[in-house]
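Trainee: Right, I'll just put the structure down here and ask away after.
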Amino acid sequence: RVVLDGVFNHCGIGHWAFQDVVRNGEQSQYVNWFSVEGFPVVSHPEPNYKTCSGCYYLPKWNVYNPEVRRHHYNVAKYWLNRGIDGWRLDVPYFVNKTFWKGFHKVVKSFGDDKYLVAEEWRNPSQWLTPELMDGTMNYTVRDLVLGFCADETLDAYDFADGMNALYNDIPEEHRSCMLNLLGSHDTERLLTRTKAHEYAWDTPAEYAENLAYALLFAADGAPMVYYGDENGMEGENDPGCRAPMIWNENAWNLSVRKTVCKLMRLRRENATLQYGRQHVAALGRHTVCITRNLPSGRACLCLVHRGSGAYINCDDLPVRMDRALFGVPSIIGNQYRMGEKSIIMYEGEAVGKL
């Protein structure tokens, strides 16, 4: 499947339509494709045209102009006709929703399975309607996961409350379409984030990264791994996070890669992790329990412990294990012993609720 990144709020300063306005001023046939305050067009010291976030090199489209809307919709059709499977939409909150409703109609005319996902950093619910988007980039999940695993600004109770509130806010038909992520081209890389707090631990930052990935792949929604993060690439926020892919395998963090590959395989092969209803609970300040339940009674449970070790009473858990998926459960009497910064994931029959 191929989903293209669509930027329909602005273009680059070298775009042919904007350059026509620069050359021909108010005589340009494209003058109303942008919002220019006067002529000649000036970029410095301040642009005399609307931009994206004040960046002179990103002129803002005038999507109220029917010609611009037609141009954008034709771009969507062009790539859909060539077989793409959907669009990830950049800064949609800078464009009016009337435009996006029209965009939705164009894209869905190629099939209901064509995917529309919006960039969104706050509450996603405004986009999750039948006439707008299928899902959003779920930066709220990122904030919760990294707050628990990387920064430790959240304890397990905070994490569980936040995850359950977010889950209940998202309409049921949109939950599996949410694009869950831990890093992107607009954030520092995951290992860089966990290393920033390594001083607080006696264990390597990659341990916290592995915990974060376990929560990502256990959660409802589509898990997204930013290129290179699966190999432990590092980099601060833009431009550091946008460096070329490192293909030298000797430079890869094999511990992180092994964890990500195993979790990807589990997610692909396990229907409960794909379709089960989600509930998150805290088992003390340092241990999180995510359960995914199917109507059949089949369930999957993921325990993530960020502390120095813990004992979990088996009778307190809502799933009776019959197959281990990740980690090697150490059973002492009627308890699971969890080591320092560890993960246990298993499946079995649902027997209750936390």
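In the structure tokens, the first chain shown is A, the next is B, and so on; residue numbers restart at 1 for each chain, and ligands run from 1 in the order shown.
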Excluding stretch 289-299 of chain A and its own-chain neighbours fewer than 6 positions away, which residues fall within 9 Å of it when counting only C-alpha atoms? Please give them as a VMD selection string.
Mentor: chain A and resid 156 160 215 218 to 220 271 to 283 305 317 to 320 346 to 351 353 to 354
Trainee: Would you please extract all strand (DSSP E or B) residues from stretch 60-225 of chain A, as assigned by DSSP on the backbone, and give them as a PDB file with N, CA, C and O atoms, in the first residue's frame?
Mentor:
ATOM      1  N   LYS A  60       1.008  30.604   0.693  1.00  0.00           N
ATOM      2  CA  LYS A  60      -0.240  29.896   1.026  1.00  0.00           C
ATOM      3  C   LYS A  60      -1.211  29.972  -0.145  1.00  0.00           C
ATOM      4  O   LYS A  60      -1.434  31.030  -0.729  1.00  0.00           O
ATOM      5  N   TRP A  61      -1.779  28.797  -0.482  1.00  0.00           N
ATOM      6  CA  TRP A  61      -2.801  28.748  -1.525  1.00  0.00           C
ATOM      7  C   TRP A  61      -4.075  29.458  -1.068  1.00  0.00           C
ATOM      8  O   TRP A  61      -4.426  29.416   0.114  1.00  0.00           O
ATOM      9  N   GLY A  86      -4.149   6.300  -0.818  1.00  0.00           N
ATOM     10  CA  GLY A  86      -4.689   7.329   0.067  1.00  0.00           C
ATOM     11  C   GLY A  86      -3.752   8.503   0.214  1.00  0.00           C
ATOM     12  O   GLY A  86      -2.714   8.592  -0.447  1.00  0.00           O
ATOM     13  N   TRP A  87      -4.160   9.424   1.126  1.00  0.00           N
ATOM     14  CA  TRP A  87      -3.414  10.663   1.342  1.00  0.00           C
ATOM     15  C   TRP A  87      -3.228  10.921   2.832  1.00  0.00           C
ATOM     16  O   TRP A  87      -4.183  10.817   3.607  1.00  0.00           O
ATOM     17  N   ARG A  88      -2.009  11.280   3.222  1.00  0.00           N
ATOM     18  CA  ARG A  88      -1.747  11.889   4.518  1.00  0.00           C
ATOM     19  C   ARG A  88      -1.717  13.394   4.267  1.00  0.00           C
ATOM     20  O   ARG A  88      -0.995  13.876   3.391  1.00  0.00           O
ATOM     21  N   LEU A  89      -2.489  14.159   5.039  1.00  0.00           N
ATOM     22  CA  LEU A  89      -2.734  15.559   4.722  1.00  0.00           C
ATOM     23  C   LEU A  89      -2.038  16.474   5.721  1.00  0.00           C
ATOM     24  O   LEU A  89      -2.304  16.444   6.928  1.00  0.00           O
ATOM     25  N   TYR A 115      -7.591   5.715   1.882  1.00  0.00           N
ATOM     26  CA  TYR A 115      -7.335   6.156   3.258  1.00  0.00           C
ATOM     27  C   TYR A 115      -7.052   7.648   3.309  1.00  0.00           C
ATOM     28  O   TYR A 115      -6.243   8.165   2.531  1.00  0.00           O
ATOM     29  N   LEU A 116      -7.713   8.344   4.238  1.00  0.00           N
ATOM     30  CA  LEU A 116      -7.469   9.760   4.477  1.00  0.00           C
ATOM     31  C   LEU A 116      -7.073   9.950   5.931  1.00  0.00           C
ATOM     32  O   LEU A 116      -7.847   9.630   6.843  1.00  0.00           O
ATOM     33  N   VAL A 117      -5.866  10.470   6.158  1.00  0.00           N
ATOM     34  CA  VAL A 117      -5.374  10.674   7.523  1.00  0.00           C
ATOM     35  C   VAL A 117      -4.831  12.093   7.653  1.00  0.00           C
ATOM     36  O   VAL A 117      -4.053  12.558   6.819  1.00  0.00           O
ATOM     37  N   ALA A 118      -5.273  12.797   8.676  1.00  0.00           N
ATOM     38  CA  ALA A 118      -4.930  14.202   8.880  1.00  0.00           C
ATOM     39  C   ALA A 118      -3.800  14.344   9.893  1.00  0.00           C
ATOM     40  O   ALA A 118      -3.769  13.631  10.904  1.00  0.00           O
ATOM     41  N   GLY A 135      -8.821   8.855   9.821  1.00  0.00           N
ATOM     42  CA  GLY A 135      -8.037   8.896  11.044  1.00  0.00           C
ATOM     43  C   GLY A 135      -7.155  10.119  11.067  1.00  0.00           C
ATOM     44  O   GLY A 135      -7.169  10.940  10.142  1.00  0.00           O
ATOM     45  N   THR A 136      -6.385  10.247  12.142  1.00  0.00           N
ATOM     46  CA  THR A 136      -5.401  11.328  12.236  1.00  0.00           C
ATOM     47  C   THR A 136      -4.079  10.750  12.715  1.00  0.00           C
ATOM     48  O   THR A 136      -4.017   9.634  13.248  1.00  0.00           O
ATOM     49  N   MET A 137      -3.020  11.514  12.531  1.00  0.00           N
ATOM     50  CA  MET A 137      -1.754  11.174  13.177  1.00  0.00           C
ATOM     51  C   MET A 137      -1.967  11.324  14.675  1.00  0.00           C
ATOM     52  O   MET A 137      -2.377  12.386  15.147  1.00  0.00           O
ATOM     53  N   ASN A 138      -1.701  10.267  15.429  1.00  0.00           N
ATOM     54  CA  ASN A 138      -2.095  10.229  16.829  1.00  0.00           C
ATOM     55  C   ASN A 138      -0.941  10.681  17.728  1.00  0.00           C
ATOM     56  O   ASN A 138      -0.337   9.869  18.456  1.00  0.00           O
ATOM     57  N   LEU A 179      -3.444   6.743  13.109  1.00  0.00           N
ATOM     58  CA  LEU A 179      -2.041   6.481  12.773  1.00  0.00           C
ATOM     59  C   LEU A 179      -1.196   6.761  14.015  1.00  0.00           C
ATOM     60  O   LEU A 179      -0.833   7.900  14.304  1.00  0.00           O
ATOM     61  N   ASN A 180      -0.913   5.701  14.769  1.00  0.00           N
ATOM     62  CA  ASN A 180      -0.155   5.832  16.015  1.00  0.00           C
ATOM     63  C   ASN A 180       1.337   5.896  15.715  1.00  0.00           C
ATOM     64  O   ASN A 180       1.853   5.092  14.941  1.00  0.00           O
ATOM     65  N   LEU A 181       2.024   6.814  16.357  1.00  0.00           N
ATOM     66  CA  LEU A 181       3.446   7.022  16.054  1.00  0.00           C
ATOM     67  C   LEU A 181       4.211   7.439  17.295  1.00  0.00           C
ATOM     68  O   LEU A 181       3.632   7.954  18.253  1.00  0.00           O
ATOM     69  N   ALA A 222      -3.292   1.972  13.825  1.00  0.00           N
ATOM     70  CA  ALA A 222      -2.249   1.493  12.918  1.00  0.00           C
ATOM     71  C   ALA A 222      -0.885   1.988  13.395  1.00  0.00           C
ATOM     72  O   ALA A 222      -0.624   3.190  13.369  1.00  0.00           O
ATOM     73  N   PRO A 223      -0.001   1.086  13.857  1.00  0.00           N
ATOM     74  CA  PRO A 223       1.318   1.531  14.322  1.00  0.00           C
ATOM     75  C   PRO A 223       2.202   1.971  13.156  1.00  0.00           C
ATOM     76  O   PRO A 223       2.293   1.288  12.139  1.00  0.00           O
ATOM     77  N   MET A 224       2.827   3.124  13.303  1.00  0.00           N
ATOM     78  CA  MET A 224       3.727   3.655  12.281  1.00  0.00           C
ATOM     79  C   MET A 224       5.129   3.792  12.857  1.00  0.00           C
ATOM     80  O   MET A 224       5.295   4.348  13.949  1.00  0.00           O
TER      81      MET A 224
END
Trainee: Which is closest to A:Ile312 among A:Val288, A:Met264, A:Leu254, A:Leu58, if we use only C-alpha atoms?
Mentor: A:Val288
Trainee: For A:Val106, which residue among A:Ala214, A:Ala76, A:Ile84, A:Met245 is the nearest when counting only C-alpha atoms?
Mentor: A:Ala76
Trainee: Considering only C-alpha atoms, can you say which of A:Arg193, A:Val95, A:Val225, A:Cys300 comes closest to A:Leu266?
Mentor: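 When distances to A:Leu266 are compared using only C-alpha atoms, the smallest one comes from A:Cys300.
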Trainee: Find the residues near A:Trp33: any atom within 7 Å, counting only C-alpha atoms, skip ones fewer than 2 places away on the same chain, and give them as a list in words.
Mentor: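 Final neighbour list, sorted by chain and number: Tyr30, Val31, Trp61, Asn62, Asn65 and Val68 of chain A.
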Trainee: Please produce an output containing all heavy atoms for each residue in the selection, written as an mmCIF file, in the first residue's frame.
Mentor:
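Just written: selection.cif:
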data_model
loop_
_atom_site.group_PDB
_atom_site.id
_atom_site.type_symbol
_atom_site.label_atom_id
_atom_site.label_comp_id
_atom_site.auth_asym_id
_atom_site.auth_seq_id
_atom_site.Cartn_x
_atom_site.Cartn_y
_atom_site.Cartn_z
ATOM 1 N N TYR A 30 -2.715 33.785 -12.491
ATOM 2 C CA TYR A 30 -2.735 33.041 -11.233
ATOM 3 C C TYR A 30 -2.704 33.957 -10.013
ATOM 4 O O TYR A 30 -2.519 33.492 -8.890
ATOM 5 C CB TYR A 30 -1.544 32.082 -11.175
ATOM 6 C CG TYR A 30 -1.475 31.162 -12.370
ATOM 7 C CD1 TYR A 30 -0.475 31.306 -13.330
ATOM 8 C CD2 TYR A 30 -2.419 30.154 -12.556
ATOM 9 C CE1 TYR A 30 -0.418 30.482 -14.437
ATOM 10 C CE2 TYR A 30 -2.376 29.324 -13.667
ATOM 11 C CZ TYR A 30 -1.373 29.491 -14.601
ATOM 12 O OH TYR A 30 -1.336 28.667 -15.703
ATOM 13 N N VAL A 31 -2.906 35.253 -10.222
ATOM 14 C CA VAL A 31 -2.753 36.209 -9.126
ATOM 15 C C VAL A 31 -3.697 35.906 -7.966
ATOM 16 O O VAL A 31 -3.339 36.107 -6.796
ATOM 17 C CB VAL A 31 -2.940 37.657 -9.630
ATOM 18 C CG1 VAL A 31 -4.370 37.905 -10.105
ATOM 19 C CG2 VAL A 31 -2.527 38.655 -8.564
ATOM 20 N N TRP A 61 -1.779 28.797 -0.482
ATOM 21 C CA TRP A 61 -2.801 28.748 -1.525
ATOM 22 C C TRP A 61 -4.075 29.458 -1.068
ATOM 23 O O TRP A 61 -4.426 29.416 0.114
ATOM 24 C CB TRP A 61 -3.182 27.299 -1.839
ATOM 25 C CG TRP A 61 -2.136 26.443 -2.468
ATOM 26 C CD1 TRP A 61 -1.442 25.437 -1.882
ATOM 27 C CD2 TRP A 61 -1.689 26.488 -3.825
ATOM 28 N NE1 TRP A 61 -0.584 24.849 -2.764
ATOM 29 C CE2 TRP A 61 -0.720 25.477 -3.984
ATOM 30 C CE3 TRP A 61 -2.020 27.291 -4.916
ATOM 31 C CZ2 TRP A 61 -0.070 25.234 -5.183
ATOM 32 C CZ3 TRP A 61 -1.368 27.053 -6.121
ATOM 33 C CH2 TRP A 61 -0.409 26.038 -6.249
ATOM 34 N N ASN A 62 -4.780 30.075 -1.995
ATOM 35 C CA ASN A 62 -6.099 30.633 -1.733
ATOM 36 C C ASN A 62 -7.135 29.582 -2.130
ATOM 37 O O ASN A 62 -7.642 29.567 -3.252
ATOM 38 C CB ASN A 62 -6.310 31.930 -2.536
ATOM 39 C CG ASN A 62 -7.720 32.446 -2.403
ATOM 40 O OD1 ASN A 62 -8.449 32.088 -1.474
ATOM 41 N ND2 ASN A 62 -8.128 33.306 -3.333
ATOM 42 N N ASN A 65 -10.596 30.082 -3.839
ATOM 43 C CA ASN A 65 -10.694 30.265 -5.284
ATOM 44 C C ASN A 65 -11.085 28.929 -5.926
ATOM 45 O O ASN A 65 -10.373 27.923 -5.772
ATOM 46 C CB ASN A 65 -9.335 30.735 -5.815
ATOM 47 C CG ASN A 65 -9.365 31.047 -7.292
ATOM 48 O OD1 ASN A 65 -10.140 30.483 -8.057
ATOM 49 N ND2 ASN A 65 -8.482 31.942 -7.709
ATOM 50 N N VAL A 68 -8.308 27.085 -7.722
ATOM 51 C CA VAL A 68 -7.339 26.410 -6.869
ATOM 52 C C VAL A 68 -7.913 25.085 -6.364
ATOM 53 O O VAL A 68 -7.226 24.048 -6.362
ATOM 54 C CB VAL A 68 -6.923 27.313 -5.690
ATOM 55 C CG1 VAL A 68 -6.040 26.552 -4.699
ATOM 56 C CG2 VAL A 68 -6.190 28.549 -6.209
#
Trainee: I'd like the neighbourhood of A:Ser308 as a VMD selection string, where a residue qualifies if any of its atoms comes within 8 Å (using only C-alpha atoms), though same-chain residues fewer than 4 positions away should be ignored.
Mentor: chain A and resid 339 to 341
Trainee: I'd like the interatomic distance between atom CA of A:Pro244 and atom CA of A:Gly183, to a tenth of an Å.
Mentor: 15.3 Å
Trainee: I need the residue nearest A:Phe217 from this list: A:Ala196, A:Trp252, A:Phe148, A:Leu301. Use only C-alpha atoms for the distance.
Mentor: A:Leu301
